[in-house]
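Text of the file final-v3.txt, holding compact mmCIF, C-alpha atoms:
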```txt
# COMPACT_ATOMS: atom_id res chain seq x y z
CA MET A 1 6.79 -16.91 -20.50
CA MET A 2 7.87 -18.43 -17.18
CA MET A 3 9.65 -15.19 -16.28
CA ARG A 4 6.42 -13.25 -16.77
CA LYS A 5 4.55 -15.65 -14.47
CA ILE A 6 7.24 -15.33 -11.80
CA ASN A 7 7.07 -11.55 -12.16
CA ALA A 8 3.30 -11.65 -11.71
CA VAL A 9 3.64 -13.67 -8.50
CA LEU A 10 6.32 -11.25 -7.29
CA SER A 11 4.00 -8.34 -8.12
CA GLY A 12 1.24 -9.89 -6.04
CA GLY A 13 3.62 -10.37 -3.11
CA ILE A 14 4.94 -6.83 -3.45
CA LEU A 15 1.39 -5.49 -3.54
CA ILE A 16 0.43 -7.33 -0.35
CA LEU A 17 3.54 -6.15 1.51
CA PHE A 18 3.07 -2.66 0.10
CA VAL A 19 -0.51 -2.41 1.34
CA ILE A 20 0.51 -3.55 4.84
CA HIS A 21 3.46 -1.13 4.86
CA VAL A 22 1.34 1.80 3.68
CA VAL A 23 -1.51 1.18 6.13
CA LEU A 24 0.79 0.82 9.15
CA GLY A 25 3.09 3.60 7.97
CA THR A 26 0.21 5.98 7.38
CA PHE A 27 -1.04 5.43 10.93
CA ASN A 28 2.49 6.16 12.14
CA LEU A 29 2.66 9.35 10.05
CA PHE A 30 -0.66 10.54 11.44
CA GLY A 31 0.71 9.95 14.94
CA ILE A 32 -1.90 7.32 15.85
CA GLY A 33 0.41 4.32 15.76
CA SER A 34 3.96 3.31 16.40
CA VAL A 35 4.34 0.00 14.61
CA THR A 36 7.74 -0.65 13.07
CA THR A 37 7.38 -1.76 9.45
CA LYS A 38 11.10 -2.26 8.84
CA GLU A 39 10.93 -6.02 8.29
CA ILE A 40 7.96 -5.72 5.95
CA ALA A 41 9.66 -2.89 4.06
CA TRP A 42 12.94 -4.78 3.58
CA ALA A 43 11.08 -7.91 2.46
CA ALA A 44 9.28 -5.74 -0.09
CA VAL A 45 12.58 -4.19 -1.20
CA LEU A 46 14.01 -7.66 -1.82
CA LEU A 47 10.99 -8.60 -3.96
CA ILE A 48 11.15 -5.23 -5.73
CA VAL A 49 14.81 -5.78 -6.65
CA ILE A 50 13.99 -9.18 -8.17
CA HIS A 51 10.93 -7.66 -9.91
CA THR A 52 13.14 -4.88 -11.28
CA ILE A 53 15.74 -7.29 -12.63
CA ILE A 54 13.05 -9.31 -14.40
CA GLY A 55 11.50 -6.08 -15.72
CA ILE A 56 14.86 -4.96 -17.12
CA ILE A 57 15.34 -8.33 -18.83
CA LEU A 58 11.84 -8.25 -20.34
CA THR A 59 12.28 -4.65 -21.46
CA ALA A 60 15.63 -5.50 -23.09
CA GLN A 61 13.96 -8.38 -24.95
CA SER A 62 11.25 -6.04 -26.23
CA VAL A 63 13.79 -3.45 -27.35
CA ARG A 64 15.77 -6.15 -29.19
CA VAL A 65 12.62 -7.18 -31.08
CA TRP A 66 11.92 -3.55 -31.98
CA ARG A 67 15.47 -3.11 -33.25
CA LYS A 68 15.28 -6.31 -35.25
CA THR A 69 11.97 -5.37 -36.88
CA GLY A 70 12.86 -1.70 -37.20
CA VAL A 71 9.49 -0.67 -35.78
CA SER A 72 8.88 0.35 -32.17
CA TYR A 73 5.27 1.65 -32.30
CA PHE A 74 6.14 4.13 -29.55
CA LYS A 75 2.71 5.80 -29.63
CA GLU A 76 0.93 2.46 -29.41
CA ASN A 77 3.19 1.37 -26.57
CA ARG A 78 2.70 4.42 -24.33
CA LEU A 79 1.29 2.24 -21.55
CA PHE A 80 4.35 -0.02 -21.77
CA TRP A 81 6.65 2.98 -21.39
CA ALA A 82 4.52 4.51 -18.62
CA ARG A 83 5.02 1.27 -16.69
CA ARG A 84 8.78 1.23 -17.30
CA ILE A 85 9.34 4.93 -16.54
CA SER A 86 7.20 4.85 -13.39
CA GLY A 87 9.07 1.72 -12.26
CA PHE A 88 12.40 3.47 -12.79
CA LEU A 89 11.17 6.53 -10.86
CA ILE A 90 10.05 4.28 -8.01
CA MET A 91 13.53 2.78 -7.79
CA VAL A 92 15.09 6.24 -7.54
CA LEU A 93 12.49 7.55 -5.10
CA ILE A 94 12.72 4.49 -2.81
CA PHE A 95 16.22 5.69 -1.98
CA PHE A 96 14.76 9.01 -0.82
CA HIS A 97 12.04 7.18 1.11
CA ILE A 98 14.57 5.06 2.97
CA THR A 99 16.75 8.07 3.78
CA ALA A 100 13.73 10.13 4.87
CA PHE A 101 12.83 7.61 7.56
CA SER A 102 16.08 6.08 8.66
CA THR A 103 19.36 7.78 9.28
CA THR A 104 22.08 6.64 11.59
CA ASN A 105 24.50 8.56 13.69
CA ASP A 106 26.77 7.70 16.62
CA HIS A 107 23.72 7.09 18.80
CA GLY A 108 22.02 4.65 16.38
CA LEU A 109 18.92 4.98 14.25
CA ARG A 110 17.07 8.29 14.27
CA LEU A 111 14.62 10.21 12.15
CA PRO A 112 16.11 13.05 10.10
CA LEU A 113 14.40 16.40 9.69
CA PHE A 114 11.39 15.98 7.39
CA ASP A 115 11.76 19.14 5.29
CA GLU A 116 10.10 20.36 2.07
CA PHE A 117 12.47 18.35 -0.13
CA ARG A 118 11.63 15.13 1.69
CA LEU A 119 7.91 15.90 1.48
CA ILE A 120 8.16 16.47 -2.27
CA THR A 121 10.10 13.24 -2.83
CA GLN A 122 7.54 11.27 -0.82
CA ILE A 123 4.60 12.75 -2.74
CA LEU A 124 6.42 11.95 -6.00
CA LEU A 125 6.95 8.38 -4.75
CA VAL A 126 3.22 8.05 -4.06
CA ALA A 127 2.42 9.38 -7.55
CA ALA A 128 4.93 7.08 -9.27
CA ILE A 129 3.64 4.05 -7.36
CA ALA A 130 0.05 5.00 -8.20
CA VAL A 131 0.85 5.20 -11.92
CA HIS A 132 2.87 1.98 -11.85
CA VAL A 133 0.34 -0.08 -9.91
CA ILE A 134 -2.77 1.26 -11.64
CA THR A 135 -1.32 0.65 -15.11
CA ASN A 136 -0.29 -2.88 -14.12
CA VAL A 137 -3.47 -4.09 -12.39
CA LYS A 138 -5.09 -5.55 -15.52
CA PRO A 139 -1.95 -7.35 -16.76
CA MET A 140 -1.44 -8.82 -13.30
CA LEU A 141 -5.03 -10.07 -13.13
CA ILE A 142 -4.72 -11.54 -16.63
CA SER A 143 -1.50 -13.34 -15.66
CA PHE A 144 -3.34 -14.93 -12.72
CA GLY A 145 -6.09 -16.08 -15.08
CA ILE A 146 -8.78 -13.93 -13.49
CA LYS A 147 -11.82 -13.47 -15.68
CA LYS A 148 -14.19 -10.50 -15.70
CA LEU A 149 -11.39 -7.99 -15.34
CA ARG A 150 -13.43 -4.81 -15.34
CA PRO A 151 -15.16 -5.12 -11.94
CA LYS A 152 -12.13 -6.62 -10.17
CA ALA A 153 -9.66 -4.18 -11.70
CA GLY A 154 -11.98 -1.27 -10.92
CA ASP A 155 -12.27 -2.31 -7.27
CA ILE A 156 -8.51 -2.76 -6.91
CA ILE A 157 -7.79 0.57 -8.58
CA PHE A 158 -10.38 2.34 -6.40
CA TRP A 159 -8.98 0.96 -3.12
CA LEU A 160 -5.39 1.53 -4.17
CA SER A 161 -6.28 5.13 -5.06
CA VAL A 162 -7.81 5.59 -1.61
CA LEU A 163 -4.68 4.07 -0.08
CA MET A 164 -2.41 6.36 -2.13
CA LEU A 165 -4.42 9.43 -1.11
CA ALA A 166 -4.19 8.36 2.54
CA ALA A 167 -0.41 7.90 2.17
CA ALA A 168 -0.03 11.34 0.58
CA ALA A 169 -2.15 12.85 3.36
CA GLY A 170 -0.02 11.02 5.92
CA PHE A 171 3.18 12.55 4.50
CA ILE A 172 1.60 16.01 4.54
CA VAL A 173 0.43 15.60 8.15
CA TYR A 174 3.85 14.29 9.12
CA TYR A 175 5.48 17.33 7.49
CA ILE A 176 3.11 19.68 9.33
CA ARG A 177 3.89 17.89 12.59
CA TRP A 178 7.65 18.41 11.93
CA ILE A 179 7.37 22.12 11.17
CA ALA A 180 5.00 22.70 14.10
CA VAL A 181 7.58 21.45 16.60
```
Would it be possible to restate this file's structure as structure tokens?
Amino acid sequence: MMMRKINAVLSGGILILFVIHVVLGTFNLFGIGSVTTKEIAWAAVLLIVIHTIIGIILTAQSVRVWRKTGVSYFKENRLFWARRISGFLIMVLIFFHITAFSTTNDHGLRLPLFDEFRLITQILLVAAIAVHVITNVKPMLISFGIKKLRPKAGDIIFWLSVLMLAAAAGFIVYYIRWIAV
């Protein structure tokens, strides 16, 4: 139970850092800002790694219970698996996100060509994060003891959806800016 509480606190911290990173990063992608979000991003990555480890442990515990009882209720646990699969996809796609915006050569850090492949991986990252965060809003609110979930969860989901759309638009604009040069 303590591990779930720690994971909820980590999720809240990740969400705060994520929102800051996305807002500043989206301005950068649109070309109307030049704020470096590297420190925020690496702090988020650290929290994400811990969150992932806890998630793997909790998933393994659930799978052990299913094996012991002989019943997994896969259909009834679709939301559980959507959360796990989207989390796994995020971990894979974060690698592509990092490599899309930071490459080194003999002259130091530089931005690599932002081609169609990179655009697709970034849009997939936005989609995976949207699924993961939206499906986890209610459990996170419950773990913090917040009552009246519906209005709060609805507001959070709405604003996160707006943020995700802005991020996706930012990647598209950034791609257009790269091919226009």
Nearest to Arg118 in chain A, chosen from A:Arg150, A:Ala180, A:Phe158, A:Tyr175, with all atoms listed in the file counted in the distances:
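Of the candidates, the smallest distance to Arg118 in chain A is held by A:Tyr175.
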Give me, please, the distance in Å between CA of Tyr174 in chain A and CA of Met91 in chain A, quoted to one decimal.
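CA of Met91 in chain A lies 22.6 Å from CA of Tyr174 in chain A.
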Which protein, DNA or RNA residues are at most 12 Å from (-1.5, -18.8, -14.7) in the file's coordinates when you count all atoms listed in the file, listed as JSON, numbers by chain?
{"A": [1, 2, 3, 4, 5, 6, 7, 8, 9, 139, 140, 141, 142, 143, 144, 145, 146, 147]}
Report, in Å with one decimal, the straight-line distance from CA of Thr99 in chain A to CA of Gly13 in chain A.
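Going from CA of Thr99 in chain A over to CA of Gly13 in chain A, I get 23.7 Å.
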Enter the distance from CA of Gly170 in chain A to CA of Leu29 in chain A, in Å, rounded to one decimal.
5.2 Å
Shortest interatomic distance to Val173 in chain A - which of A:Phe114, A:Leu124, A:Val65, A:Phe96, counting only C-alpha atoms
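Between A:Phe114, A:Leu124, A:Val65, A:Phe96, the residue approaching Val173 in chain A most closely is A:Phe114.
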Residues within 12 Å of Ile176 in chain A, all atoms listed in the file, excluding chain neighbours under 5 positions, as a ChimeraX atom specification:
/A:29-31,113-116,119,169-171,181
